[in-house]
file target-v8.tsv (TSV, C-alpha atoms)
chain	number	residue	atom	x	y	z
A	5	MET	CA	119.08	-52.32	86.84
A	6	ASN	CA	118.55	-49.07	88.74
A	7	ALA	CA	116.12	-49.45	91.64
A	8	ASN	CA	113.85	-46.74	90.20
A	9	SER	CA	113.30	-48.69	87.01
A	10	LYS	CA	111.97	-46.62	84.14
A	11	LEU	CA	110.75	-47.94	80.83
A	12	MET	CA	113.86	-46.72	79.03
A	13	GLU	CA	116.05	-48.68	81.48
A	14	LEU	CA	114.46	-52.02	80.67
A	15	ALA	CA	116.08	-54.33	78.14
A	16	GLU	CA	114.98	-53.42	74.64
A	17	THR	CA	113.06	-56.68	74.27
A	18	GLU	CA	111.11	-55.84	77.44
A	19	ARG	CA	110.22	-52.26	76.54
A	20	PRO	CA	106.51	-51.79	75.86
A	21	GLN	CA	107.26	-48.60	73.91
A	22	GLU	CA	109.43	-50.55	71.47
A	23	ARG	CA	106.56	-52.95	70.78
A	24	LEU	CA	104.16	-50.02	70.58
A	25	GLN	CA	106.26	-48.31	67.91
A	26	ARG	CA	106.72	-51.49	65.88
A	27	LEU	CA	103.36	-53.19	66.25
A	28	GLY	CA	100.86	-50.60	67.45
A	29	ALA	CA	98.88	-50.27	70.67
A	30	ALA	CA	96.65	-53.27	69.94
A	31	ALA	CA	99.69	-55.57	70.22
A	32	LEU	CA	100.40	-54.58	73.83
A	33	SER	CA	99.16	-56.69	76.70
A	34	ASP	CA	97.05	-55.14	79.46
A	35	VAL	CA	100.13	-55.09	81.70
A	36	GLU	CA	102.18	-53.31	79.03
A	37	LEU	CA	99.47	-50.70	78.48
A	38	LEU	CA	99.42	-49.96	82.21
A	39	ALA	CA	103.21	-49.80	82.25
A	40	MET	CA	103.12	-47.15	79.52
A	41	LEU	CA	100.86	-45.04	81.72
A	42	LEU	CA	102.89	-45.56	84.88
A	43	ARG	CA	106.26	-44.89	83.16
A	44	SER	CA	108.35	-45.79	86.24
A	45	GLY	CA	108.38	-48.12	89.21
A	46	SER	CA	109.88	-47.71	92.67
A	47	LYS	CA	112.62	-49.21	94.80
A	48	GLY	CA	112.61	-52.96	94.28
A	49	HIS	CA	109.72	-52.85	91.81
A	50	ASN	CA	110.22	-52.26	88.10
A	51	VAL	CA	107.38	-50.72	86.15
A	52	LEU	CA	106.18	-53.98	84.59
A	53	ASN	CA	105.99	-55.62	88.02
A	54	VAL	CA	104.01	-52.66	89.35
A	55	ALA	CA	101.63	-52.86	86.37
A	56	ALA	CA	101.22	-56.63	86.87
A	57	SER	CA	100.47	-56.15	90.57
A	58	LEU	CA	97.87	-53.52	89.76
A	59	LEU	CA	96.15	-55.74	87.19
A	60	ASN	CA	96.22	-58.78	89.49
A	61	GLU	CA	94.69	-56.80	92.34
A	62	ALA	CA	91.94	-55.35	90.14
A	63	GLY	CA	91.24	-58.58	88.26
A	64	SER	CA	90.90	-56.86	84.88
A	65	LEU	CA	91.23	-53.47	83.20
A	66	SER	CA	87.45	-53.02	83.29
A	67	GLN	CA	87.43	-53.28	87.08
A	68	LEU	CA	89.77	-50.28	87.35
A	69	VAL	CA	86.91	-47.92	86.44
A	70	ARG	CA	85.63	-48.37	89.99
A	71	TRP	CA	88.95	-47.59	91.68
A	72	THR	CA	89.65	-44.42	93.63
A	73	ASP	CA	93.02	-42.71	94.02
A	74	ASN	CA	93.31	-44.23	97.51
A	75	GLU	CA	92.95	-47.73	96.07
A	76	PHE	CA	95.58	-47.05	93.41
A	77	SER	CA	97.93	-45.70	96.08
A	78	LYS	CA	97.82	-49.00	97.98
A	79	ILE	CA	99.76	-50.70	95.17
A	80	LYS	CA	103.51	-50.64	95.87
A	81	GLY	CA	105.21	-48.37	93.36
A	82	ILE	CA	102.20	-46.08	92.86
A	83	GLY	CA	102.37	-42.77	94.73
A	84	LYS	CA	99.73	-40.11	95.14
A	85	VAL	CA	100.55	-38.30	91.88
A	86	LYS	CA	100.43	-41.48	89.79
A	87	ALA	CA	97.21	-42.50	91.52
A	88	LEU	CA	95.59	-39.19	90.55
A	89	GLN	CA	96.88	-39.57	87.00
A	90	LEU	CA	95.29	-43.01	86.74
A	91	VAL	CA	91.97	-41.72	88.09
A	92	THR	CA	92.13	-38.96	85.46
A	93	VAL	CA	92.72	-41.47	82.65
A	94	VAL	CA	89.78	-43.58	83.83
A	95	GLU	CA	87.49	-40.54	83.86
A	96	MET	CA	88.65	-39.52	80.38
A	97	CYS	CA	87.84	-43.02	79.09
A	98	ARG	CA	84.39	-42.82	80.65
A	99	ARG	CA	83.70	-39.46	78.97
A	100	VAL	CA	85.00	-40.61	75.59
A	101	LEU	CA	82.65	-43.61	75.71
A	102	ALA	CA	79.76	-41.35	76.60
A	103	SER	CA	80.58	-38.94	73.76
A	104	GLN	CA	80.54	-41.78	71.22
A	105	GLU	CA	76.83	-42.32	71.72
A	106	GLU	CA	74.84	-42.14	68.51
A	107	ALA	CA	73.69	-38.54	68.03
A	108	GLN	CA	69.96	-39.26	67.85
A	109	PRO	CA	69.25	-42.98	68.37
A	110	ILE	CA	65.73	-44.38	68.39
A	111	LEU	CA	65.00	-45.66	71.90
A	112	ASP	CA	62.07	-48.06	71.68
A	113	GLU	CA	63.46	-50.87	73.86
A	114	PRO	CA	64.91	-50.79	77.39
A	115	ARG	CA	68.01	-52.67	76.24
A	116	LEU	CA	68.78	-49.83	73.83
A	117	VAL	CA	68.48	-47.37	76.72
A	118	TYR	CA	70.86	-49.53	78.75
A	119	SER	CA	73.38	-49.68	75.89
A	120	LEU	CA	73.20	-45.92	75.49
A	121	MET	CA	73.58	-45.02	79.17
A	122	ARG	CA	75.83	-47.69	80.70
A	123	SER	CA	79.03	-45.83	79.79
A	124	ARG	CA	77.81	-42.87	81.85
A	125	ALA	CA	76.89	-45.06	84.82
A	126	ILE	CA	79.77	-47.54	84.96
A	127	GLY	CA	81.91	-47.22	88.05
A	128	LEU	CA	79.87	-44.45	89.68
A	129	GLU	CA	79.77	-44.62	93.47
A	130	ILE	CA	76.77	-42.30	93.77
A	131	GLU	CA	73.33	-42.35	92.18
A	132	LYS	CA	72.66	-40.06	89.24
A	133	PHE	CA	69.31	-39.43	87.57
A	134	TRP	CA	68.95	-38.60	83.87
A	135	THR	CA	66.07	-37.62	81.62
A	136	LEU	CA	66.07	-38.67	77.96
A	137	SER	CA	63.86	-36.32	75.92
A	138	LEU	CA	62.38	-37.95	72.81
A	139	ASN	CA	60.50	-36.77	69.74
A	140	ARG	CA	57.32	-38.33	68.33
A	141	LYS	CA	59.31	-41.14	66.72
A	142	ASN	CA	61.11	-42.03	69.98
A	143	ARG	CA	64.31	-40.51	68.66
A	144	LEU	CA	66.58	-38.97	71.30
A	145	ILE	CA	66.61	-35.18	71.36
A	146	ARG	CA	68.66	-34.53	74.48
A	147	THR	CA	70.11	-36.25	77.55
A	148	ASN	CA	70.04	-34.23	80.78
A	149	GLU	CA	71.52	-35.10	84.16
A	150	ILE	CA	68.88	-34.00	86.65
A	151	THR	CA	70.40	-34.92	90.01
A	152	SER	CA	73.59	-36.35	91.47
A	153	GLY	CA	72.92	-37.95	94.83
A	154	THR	CA	74.76	-39.61	97.67
A	155	ALA	CA	76.11	-43.15	97.85
A	156	SER	CA	72.70	-44.38	99.00
A	157	ASN	CA	70.04	-42.32	97.23
A	158	SER	CA	69.23	-39.80	94.55
A	159	LEU	CA	66.09	-37.71	95.02
A	160	VAL	CA	64.31	-36.16	92.07
A	161	HIS	CA	61.21	-33.97	91.79
A	162	PRO	CA	58.84	-34.17	88.79
A	163	ARG	CA	59.22	-30.44	88.08
A	164	GLU	CA	62.98	-30.91	87.57
A	165	VAL	CA	62.41	-33.82	85.20
A	166	PHE	CA	59.71	-32.22	83.07
A	167	ARG	CA	61.29	-28.75	83.04
A	168	GLU	CA	64.02	-30.09	80.73
A	169	ALA	CA	61.56	-32.07	78.62
A	170	ILE	CA	59.39	-28.99	78.07
A	171	ARG	CA	62.46	-26.88	77.27
A	172	HIS	CA	63.49	-29.28	74.51
A	173	GLY	CA	59.99	-29.74	73.08
A	174	ALA	CA	59.87	-33.45	73.95
A	175	SER	CA	56.85	-35.58	73.09
A	176	SER	CA	57.88	-38.21	75.63
A	177	ILE	CA	60.64	-39.02	78.08
A	178	ILE	CA	62.52	-41.98	79.50
A	179	CYS	CA	64.01	-41.65	82.98
A	180	VAL	CA	67.24	-43.40	83.89
A	181	HIS	CA	69.20	-43.75	87.09
A	182	ASN	CA	71.98	-46.02	88.33
A	183	HIS	CA	72.42	-48.25	91.36
A	184	PRO	CA	76.05	-48.15	92.54
A	185	SER	CA	75.60	-51.59	94.13
A	186	GLY	CA	75.15	-53.09	90.67
A	187	ASP	CA	71.77	-54.64	91.54
A	188	PRO	CA	69.17	-52.83	89.41
A	189	SER	CA	66.18	-54.11	91.40
A	190	PRO	CA	63.93	-51.13	92.30
A	191	SER	CA	63.70	-49.87	95.87
A	192	ALA	CA	60.51	-48.65	97.50
A	193	ALA	CA	61.72	-45.08	96.85
A	194	ASP	CA	62.26	-45.90	93.15
A	195	ILE	CA	58.71	-47.22	92.85
A	196	LYS	CA	57.30	-44.17	94.64
A	197	VAL	CA	59.11	-41.62	92.46
A	198	THR	CA	58.11	-43.51	89.30
A	199	ARG	CA	54.45	-43.27	90.31
A	200	GLN	CA	54.86	-39.54	90.95
A	201	LEU	CA	56.48	-39.08	87.53
A	202	ARG	CA	53.73	-41.08	85.82
A	203	GLU	CA	51.03	-38.93	87.44
A	204	ALA	CA	52.87	-35.73	86.49
A	205	SER	CA	53.28	-36.92	82.90
A	206	GLN	CA	49.54	-37.41	82.55
A	207	ILE	CA	48.89	-33.86	83.76
A	208	ILE	CA	51.60	-32.24	81.64
A	209	GLY	CA	50.90	-34.27	78.51
A	210	ILE	CA	54.43	-35.59	77.99
A	211	ALA	CA	54.39	-39.39	78.15
A	212	LEU	CA	56.69	-41.26	80.53
A	213	LEU	CA	57.65	-44.24	78.36
A	214	ASP	CA	59.92	-45.98	80.85
A	215	HIS	CA	62.11	-45.68	83.91
A	216	VAL	CA	65.28	-47.76	83.50
A	217	ILE	CA	67.61	-48.58	86.39
A	218	ILE	CA	71.21	-49.28	85.37
A	219	GLY	CA	73.20	-51.88	87.28
A	220	ALA	CA	75.68	-54.59	86.28
A	221	PRO	CA	74.86	-58.03	84.83
A	222	LYS	CA	76.84	-59.95	87.45
A	223	PHE	CA	74.85	-58.33	90.28
A	224	ASP	CA	71.50	-58.56	88.52
A	225	PRO	CA	69.34	-61.59	89.47
A	226	ASN	CA	68.16	-61.64	85.83
A	227	GLN	CA	71.70	-61.17	84.41
A	228	ASP	CA	70.50	-58.26	82.24
A	229	GLY	CA	72.26	-55.41	84.04
A	230	PHE	CA	69.17	-53.21	84.02
A	231	TYR	CA	65.56	-53.03	85.23
A	232	SER	CA	62.71	-51.60	83.15
A	233	PHE	CA	59.51	-50.43	84.86
A	234	GLN	CA	57.70	-50.61	81.53
A	235	GLU	CA	58.90	-54.14	80.83
A	236	SER	CA	57.90	-55.20	84.34
A	237	GLY	CA	54.35	-53.89	83.86
A	238	LEU	CA	54.67	-51.08	86.40
A	239	LEU	CA	54.15	-48.31	83.83
call {"tool": "encode", "arguments": {"input": "target-v8.tsv", "output": "structure tokens"}}
result
Amino acid sequence: MNANSKLMELAETERPQERLQRLGAAALSDVELLAMLLRSGSKGHNVLNVAASLLNEAGSLSQLVRWTDNEFSKIKGIGKVKALQLVTVVEMCRRVLASQEEAQPILDEPRLVYSLMRSRAIGLEIEKFWTLSLNRKNRLIRTNEITSGTASNSLVHPREVFREAIRHGASSIICVHNHPSGDPSPSAADIKVTRQLREASQIIGIALLDHVIIGAPKFDPNQDGFYSFQESGLL
């Protein structure tokens, strides 16, 4: 086989595209799906071996959402261009998941907020802060990203939060932000800003129903993957 092994150069029984055409995408293994994206390997590494190495290093497909182009480039057989292509695919998947959110769900439990927002937060290496504007029946009117912070913090001012809520005629709001570490436990800064938002909500007349911090179940002491100020009795 040629050193620069492409999918078309593999034996027919090994070709993921042959199985894709005959059986559909669901029949392909995780390695074969990655091989279809990579298309070619490099000297001494055919495309299936490169895909297998990538999957072994990551541990699973879901872990790849946290990878940067530099991390992809460390895998033998993946150059800069392929690394950027993979990062692009990951971002597209993230946006597709976010766009599949129910148009106007009723958000009356923190777990529902977590389910709605986790696709936006997964894999982020910086903190983002969102406001969910709700109507009188707790049905979502609009989701707004208020700030995008650094790797360690995301500052938000009450006027930025309630400006969007007023604009959309919200009766109440739920605030959401992520912790890149995966541990959703609130910091002192999180507690302080929540108190400021609660005080502002009482003055403005738009209720702050909850402030939910998105993390990951495996890093959460409670295994939930999120923290709710309302559920914890701090609102």
call {"tool": "residues_around", "arguments": {"input": "target-v8.tsv", "residues": "Ser236 (chain A)", "least_positions_apart": "6", "cutoff": "12 Å", "atoms": "all atoms listed in the file", "output": "list in words"}}
result
Pro114, Ser189, Pro190, Ile195, Asp214, His215, Val216, Ile217 and Phe230 of chain A
call {"tool": "closest_residue", "arguments": {"input": "target-v8.tsv", "among": "A:Ala29, A:Ile126, A:Ile145, A:Ile170", "to": "Pro221 (chain A)", "atoms": "all atoms listed in the file"}}
result
A:Ile126
call {"tool": "atom_distance", "arguments": {"input": "target-v8.tsv", "atom1": "CA of Cys179 (chain A)", "atom2": "CA of Leu65 (chain A)"}}
result
29.7 Å
call {"tool": "residues_around", "arguments": {"input": "target-v8.tsv", "residues": "Ala55 (chain A)", "least_positions_apart": "3", "cutoff": "9 Å", "atoms": "all atoms listed in the file", "output": "PyMOL selection string"}}
result
chain A and resi 34-39+42+45+50-52+58-60
call {"tool": "closest_residue", "arguments": {"input": "target-v8.tsv", "among": "A:Asp194, A:Ser175, A:Leu120, A:Glu164", "to": "Leu212 (chain A)", "atoms": "only C-alpha atoms"}}
result
A:Ser175
call {"tool": "closest_residue", "arguments": {"input": "target-v8.tsv", "among": "A:Phe166, A:Ser77, A:Ser191, A:Arg98", "to": "Ser205 (chain A)", "atoms": "all atoms listed in the file"}}
result
A:Phe166
call {"tool": "closest_residue", "arguments": {"input": "target-v8.tsv", "among": "A:Ala193, A:Val94, A:Leu128, A:Leu238", "to": "Phe76 (chain A)", "atoms": "only C-alpha atoms"}}
result
A:Val94
call {"tool": "closest_residue", "arguments": {"input": "target-v8.tsv", "among": "A:Lys80, A:Asn142, A:Arg124, A:Gln200", "to": "Val100 (chain A)", "atoms": "all atoms listed in the file"}}
result
A:Arg124
call {"tool": "atom_distance", "arguments": {"input": "target-v8.tsv", "atom1": "CA of His172 (chain A)", "atom2": "CA of Ile207 (chain A)"}}
result
17.9 Å
call {"tool": "atom_distance", "arguments": {"input": "target-v8.tsv", "atom1": "CA of Glu61 (chain A)", "atom2": "CA of Leu90 (chain A)"}}
result
14.9 Å
call {"tool": "closest_residue", "arguments": {"input": "target-v8.tsv", "among": "A:His183, A:Ser66, A:Lys78, A:Leu41", "to": "Thr92 (chain A)", "atoms": "all atoms listed in the file"}}
result
A:Leu41
call {"tool": "residues_around", "arguments": {"input": "target-v8.tsv", "residues": "Asp73 (chain A)", "least_positions_apart": "6", "cutoff": "12 Å", "atoms": "all atoms listed in the file", "output": "list in words"}}
result
Ile79, Ile82, Gly83, Lys84, Val85, Lys86, Ala87, Leu88, Gln89, Leu90, Val91, Thr92, Val93, Val94 and Glu95 of chain A
call {"tool": "build_atoms", "arguments": {"input": "target-v8.tsv", "residues": "region 103-134 of chain A", "atoms": "N, CA and C atoms", "output": "short mmCIF file (atom, residue, chain, number, x, y, z; two decimals), in the frame of the given file"}}
result
data_model
loop_
_atom_site.label_atom_id
_atom_site.label_comp_id
_atom_site.auth_asym_id
_atom_site.auth_seq_id
_atom_site.Cartn_x
_atom_site.Cartn_y
_atom_site.Cartn_z
N SER A 103 80.66 -39.84 74.91
CA SER A 103 80.58 -38.94 73.76
C SER A 103 80.41 -39.67 72.44
N GLN A 104 80.66 -41.00 72.44
CA GLN A 104 80.54 -41.78 71.22
C GLN A 104 79.13 -42.32 71.01
N GLU A 105 78.23 -41.91 71.90
CA GLU A 105 76.83 -42.32 71.72
C GLU A 105 76.31 -41.81 70.37
N GLU A 106 75.47 -42.59 69.75
CA GLU A 106 74.84 -42.14 68.51
C GLU A 106 74.12 -40.83 68.77
N ALA A 107 74.21 -39.88 67.82
CA ALA A 107 73.69 -38.54 68.03
C ALA A 107 72.20 -38.54 68.37
N GLN A 108 71.40 -39.24 67.61
CA GLN A 108 69.96 -39.26 67.85
C GLN A 108 69.40 -40.67 67.64
N PRO A 109 69.74 -41.61 68.54
CA PRO A 109 69.25 -42.98 68.37
C PRO A 109 67.75 -43.07 68.65
N ILE A 110 67.11 -44.07 68.08
CA ILE A 110 65.73 -44.38 68.39
C ILE A 110 65.73 -45.31 69.60
N LEU A 111 65.01 -44.91 70.64
CA LEU A 111 65.00 -45.66 71.90
C LEU A 111 63.61 -46.25 72.12
N ASP A 112 63.37 -47.42 71.55
CA ASP A 112 62.07 -48.06 71.68
C ASP A 112 62.14 -49.39 72.43
N GLU A 113 63.30 -49.68 73.03
CA GLU A 113 63.46 -50.87 73.86
C GLU A 113 64.36 -50.53 75.05
N PRO A 114 64.06 -51.09 76.23
CA PRO A 114 64.91 -50.79 77.39
C PRO A 114 66.36 -51.20 77.22
N ARG A 115 66.62 -52.26 76.45
CA ARG A 115 68.01 -52.67 76.24
C ARG A 115 68.79 -51.62 75.47
N LEU A 116 68.12 -50.90 74.57
CA LEU A 116 68.78 -49.83 73.83
C LEU A 116 69.11 -48.67 74.76
N VAL A 117 68.23 -48.41 75.72
CA VAL A 117 68.48 -47.37 76.72
C VAL A 117 69.69 -47.76 77.57
N TYR A 118 69.74 -49.02 77.97
CA TYR A 118 70.86 -49.53 78.75
C TYR A 118 72.17 -49.39 77.99
N SER A 119 72.16 -49.78 76.72
CA SER A 119 73.38 -49.68 75.89
C SER A 119 73.84 -48.24 75.75
N LEU A 120 72.88 -47.33 75.65
CA LEU A 120 73.20 -45.92 75.49
C LEU A 120 73.80 -45.32 76.76
N MET A 121 73.26 -45.71 77.92
CA MET A 121 73.58 -45.02 79.17
C MET A 121 74.61 -45.73 80.05
N ARG A 122 74.96 -46.96 79.78
CA ARG A 122 75.83 -47.69 80.70
C ARG A 122 77.22 -47.08 80.80
N SER A 123 77.70 -46.45 79.72
CA SER A 123 79.03 -45.83 79.79
C SER A 123 79.04 -44.64 80.74
N ARG A 124 77.90 -43.98 80.90
CA ARG A 124 77.81 -42.87 81.85
C ARG A 124 77.73 -43.38 83.29
N ALA A 125 77.16 -44.55 83.47
CA ALA A 125 76.89 -45.06 84.82
C ALA A 125 77.99 -45.96 85.37
N ILE A 126 78.79 -46.55 84.51
CA ILE A 126 79.77 -47.54 84.96
C ILE A 126 80.76 -46.94 85.95
N GLY A 127 80.93 -47.63 87.05
CA GLY A 127 81.91 -47.22 88.05
C GLY A 127 81.49 -46.11 88.98
N LEU A 128 80.31 -45.54 88.80
CA LEU A 128 79.87 -44.45 89.68
C LEU A 128 79.59 -44.98 91.08
N GLU A 129 80.00 -44.22 92.09
CA GLU A 129 79.77 -44.62 93.47
C GLU A 129 78.60 -43.87 94.09
N ILE A 130 77.97 -43.01 93.33
CA ILE A 130 76.77 -42.30 93.77
C ILE A 130 75.68 -42.50 92.72
N GLU A 131 74.44 -42.25 93.13
CA GLU A 131 73.33 -42.35 92.18
C GLU A 131 73.19 -41.05 91.40
N LYS A 132 72.97 -41.20 90.09
CA LYS A 132 72.66 -40.06 89.24
C LYS A 132 71.33 -40.36 88.54
N PHE A 133 70.62 -39.29 88.21
CA PHE A 133 69.31 -39.43 87.57
C PHE A 133 69.33 -38.61 86.29
N TRP A 134 68.96 -39.27 85.18
CA TRP A 134 68.95 -38.60 83.87
C TRP A 134 67.56 -38.63 83.26
#
